[in-house]
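Chemist: Structure incoming, see below.
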Amino acid sequence: MTKDVLERGRERVQHLCAPCHSRVGDGQWLHPSRGFARKPPSFHDQRLQKAPLGYFYDVMSNGFGVMPDYASQISPQDRWKIVAYIRALQLSQNATKADIPAGQTVPSTPPRFRGQPGSGRNAFQRLIPKTLRTPLRNLRNTNERRHHSTSLI
Ligand code: HEC
């Protein structure tokens, strides 16, 4: 199992299965509600979590109930990559604390900022040399003055 396999699987699932099964595989998507006699089940149902990998391959190859088969559209290699990604998706939805590698926390620790977070203002001010800061301030004053005088006319 490599990252490339999962990446290809993810891309194929989002392209070919998600329109009906949703991106997270819970089956909550609009396609089936527009004309399919049955909604797709969630991939996270216990029954499908326990299903062997070959079962998903079989559903894609032969279709299942009202779901058409994808044998002609998806190569056997890609079908297995899709299976791999679906299993990863299933595991991700049912992960427990025991699955977290040592030294990591979930949710991960938020990044720390020095000073006020968000604006980046402090960092920029430190980067702008003092000599530049002064004319900028003057410029703002000039604008204000000009604005003031026009409103007087
Ligand atoms: C056009 C909509 C549609 C697309 C696209 C689609 N499915 Fe389905 N799928 C369904 C529906 C509807 C069902 C439920 C069928 C039934 O119960 O008769 C289903 C059922 C399933 C099941 C469950 C079978 C069971 O035992 O209950 C699996 C697994 C599955 N699909 C896998 C996939 C995979 C993998 C893809 C992508 C390659 C995919 N489907 C693409 C509509 C779709």
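Within each chain, counting starts at residue 1; across the structure tokens, chains are named A, B, ... in the order shown, with ligands numbered 1 upward in that order.
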Check which residues of chain A sit at most 6 Å from ligand 1 using only C-alpha atoms and all ligand atoms, and return one row each with the closest pair of atoms and their distance in Å to one decimal, ordered by chain and rising number, as JSON lines.

Modeler:
```
{"residue": "A:Val13", "atom": "CA", "partner": "ligand 1", "partner_atom_place_in_ligand_line": "37 (C)", "distance": 5.6}
{"residue": "A:Leu16", "atom": "CA", "partner": "ligand 1", "partner_atom_place_in_ligand_line": "37 (C)", "distance": 4.9}
{"residue": "A:Cys17", "atom": "CA", "partner": "ligand 1", "partner_atom_place_in_ligand_line": "37 (C)", "distance": 3.4}
{"residue": "A:Pro19", "atom": "CA", "partner": "ligand 1", "partner_atom_place_in_ligand_line": "5 (C)", "distance": 5.7}
{"residue": "A:Cys20", "atom": "CA", "partner": "ligand 1", "partner_atom_place_in_ligand_line": "2 (C)", "distance": 4.4}
{"residue": "A:Pro32", "atom": "CA", "partner": "ligand 1", "partner_atom_place_in_ligand_line": "12 (C)", "distance": 5.8}
{"residue": "A:Phe36", "atom": "CA", "partner": "ligand 1", "partner_atom_place_in_ligand_line": "12 (C)", "distance": 5.9}
{"residue": "A:Arg38", "atom": "CA", "partner": "ligand 1", "partner_atom_place_in_ligand_line": "12 (C)", "distance": 5.3}
{"residue": "A:Lys39", "atom": "CA", "partner": "ligand 1", "partner_atom_place_in_ligand_line": "12 (C)", "distance": 4.8}
{"residue": "A:Pro40", "atom": "CA", "partner": "ligand 1", "partner_atom_place_in_ligand_line": "13 (C)", "distance": 3.6}
{"residue": "A:Pro41", "atom": "CA", "partner": "ligand 1", "partner_atom_place_in_ligand_line": "27 (O)", "distance": 5.8}
{"residue": "A:Phe56", "atom": "CA", "partner": "ligand 1", "partner_atom_place_in_ligand_line": "29 (C)", "distance": 4.8}
{"residue": "A:Val59", "atom": "CA", "partner": "ligand 1", "partner_atom_place_in_ligand_line": "29 (C)", "distance": 5.8}
{"residue": "A:Met60", "atom": "CA", "partner": "ligand 1", "partner_atom_place_in_ligand_line": "38 (C)", "distance": 5.8}
{"residue": "A:Phe64", "atom": "CA", "partner": "ligand 1", "partner_atom_place_in_ligand_line": "15 (C)", "distance": 5.5}
{"residue": "A:Gly65", "atom": "CA", "partner": "ligand 1", "partner_atom_place_in_ligand_line": "18 (O)", "distance": 3.3}
{"residue": "A:Val66", "atom": "CA", "partner": "ligand 1", "partner_atom_place_in_ligand_line": "18 (O)", "distance": 4.0}
{"residue": "A:Met67", "atom": "CA", "partner": "ligand 1", "partner_atom_place_in_ligand_line": "10 (C)", "distance": 4.4}
```

Chemist: Could the residues in this selection be written to a file with N, CA and C atoms, as a short mmCIF file (atom, residue, chain, number, x, y, z; two decimals), in the first residue's frame?

Modeler:
```cif
data_model
loop_
_atom_site.label_atom_id
_atom_site.label_comp_id
_atom_site.auth_asym_id
_atom_site.auth_seq_id
_atom_site.Cartn_x
_atom_site.Cartn_y
_atom_site.Cartn_z
N VAL A 13 -12.75 7.85 -6.35
CA VAL A 13 -13.97 7.79 -5.53
C VAL A 13 -14.71 9.12 -5.60
N LEU A 16 -16.18 9.28 -9.19
CA LEU A 16 -17.11 8.27 -9.70
C LEU A 16 -18.13 7.77 -8.68
N CYS A 17 -17.82 7.81 -7.43
CA CYS A 17 -18.73 7.25 -6.43
C CYS A 17 -19.42 8.35 -5.61
N PRO A 19 -20.71 11.22 -6.29
CA PRO A 19 -21.98 11.82 -6.71
C PRO A 19 -23.20 11.13 -6.09
N CYS A 20 -23.08 9.85 -5.77
CA CYS A 20 -24.19 9.15 -5.12
C CYS A 20 -23.89 8.80 -3.67
N PRO A 32 -29.34 9.96 -5.62
CA PRO A 32 -30.31 8.88 -5.40
C PRO A 32 -31.70 9.41 -5.09
N PHE A 36 -33.60 7.26 -7.83
CA PHE A 36 -33.21 5.90 -7.48
C PHE A 36 -34.22 5.32 -6.50
N ARG A 38 -33.70 3.17 -4.29
CA ARG A 38 -33.12 3.06 -2.94
C ARG A 38 -31.92 3.97 -2.83
N LYS A 39 -31.71 4.46 -1.61
CA LYS A 39 -30.52 5.25 -1.33
C LYS A 39 -29.34 4.32 -1.15
N PRO A 40 -28.13 4.78 -1.49
CA PRO A 40 -26.97 3.92 -1.19
C PRO A 40 -26.78 3.83 0.32
N PRO A 41 -26.38 2.67 0.80
CA PRO A 41 -26.13 2.57 2.24
C PRO A 41 -24.83 3.30 2.58
N PHE A 56 -16.34 -5.13 -2.28
CA PHE A 56 -16.47 -3.82 -2.94
C PHE A 56 -16.07 -3.93 -4.42
N VAL A 59 -18.98 -5.44 -6.19
CA VAL A 59 -20.10 -4.50 -6.43
C VAL A 59 -19.78 -3.61 -7.63
N MET A 60 -18.55 -3.14 -7.71
CA MET A 60 -18.17 -2.28 -8.86
C MET A 60 -18.18 -3.07 -10.17
N PHE A 64 -24.93 -3.65 -8.10
CA PHE A 64 -25.63 -4.17 -6.93
C PHE A 64 -26.99 -3.55 -6.87
N GLY A 65 -28.04 -4.37 -6.93
CA GLY A 65 -29.40 -3.84 -6.88
C GLY A 65 -29.60 -2.79 -7.96
N VAL A 66 -29.99 -1.61 -7.54
CA VAL A 66 -30.26 -0.55 -8.52
C VAL A 66 -28.98 0.17 -8.96
N MET A 67 -27.84 -0.17 -8.34
CA MET A 67 -26.58 0.49 -8.75
C MET A 67 -25.99 -0.22 -9.96
#
```

Chemist: For segment 24-29 of chain A, list every protein, DNA or RNA residue within 12 Å, evaluated using only C-alpha atoms, and leave out those in the same chain fewer than 6 positions away; present the list as a list in words.

Modeler: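 Surrounding residues, per the criterion: Arg10, Val13, Gln14, Leu16, Cys17, Ala18, Phe36, Arg38, Lys39, Pro40, Pro41, Ser42, Phe43, His44, Asp45, Leu48, Gln49, Ile82, Tyr85, Ile86, Arg87, Ala88, Leu89, Gln90, Leu91, Ser92 and Gln93 of chain A.
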
Chemist: Measuring between only C-alpha atoms, which one of A:Tyr57, A:Thr96, A:Gly63, A:Pro52 shows the shortest distance to Gln77 of chain A?

Modeler: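 Under the stated criterion, the closest residue is A:Tyr57.
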
Chemist: Record the distance separating atom CA of Ile74 of chain A and atom CA of His21 of chain A, expressed in Å with one decimal.

Modeler: 16.6 Å

Chemist: DSSP on the backbone, helix (DSSP H, G or I) only: what residues of segment 7-74 of chain A does that give? Format it as an MDAnalysis selection string.

Modeler: chainID A and resid 7:21 30:33 46:50 53:62
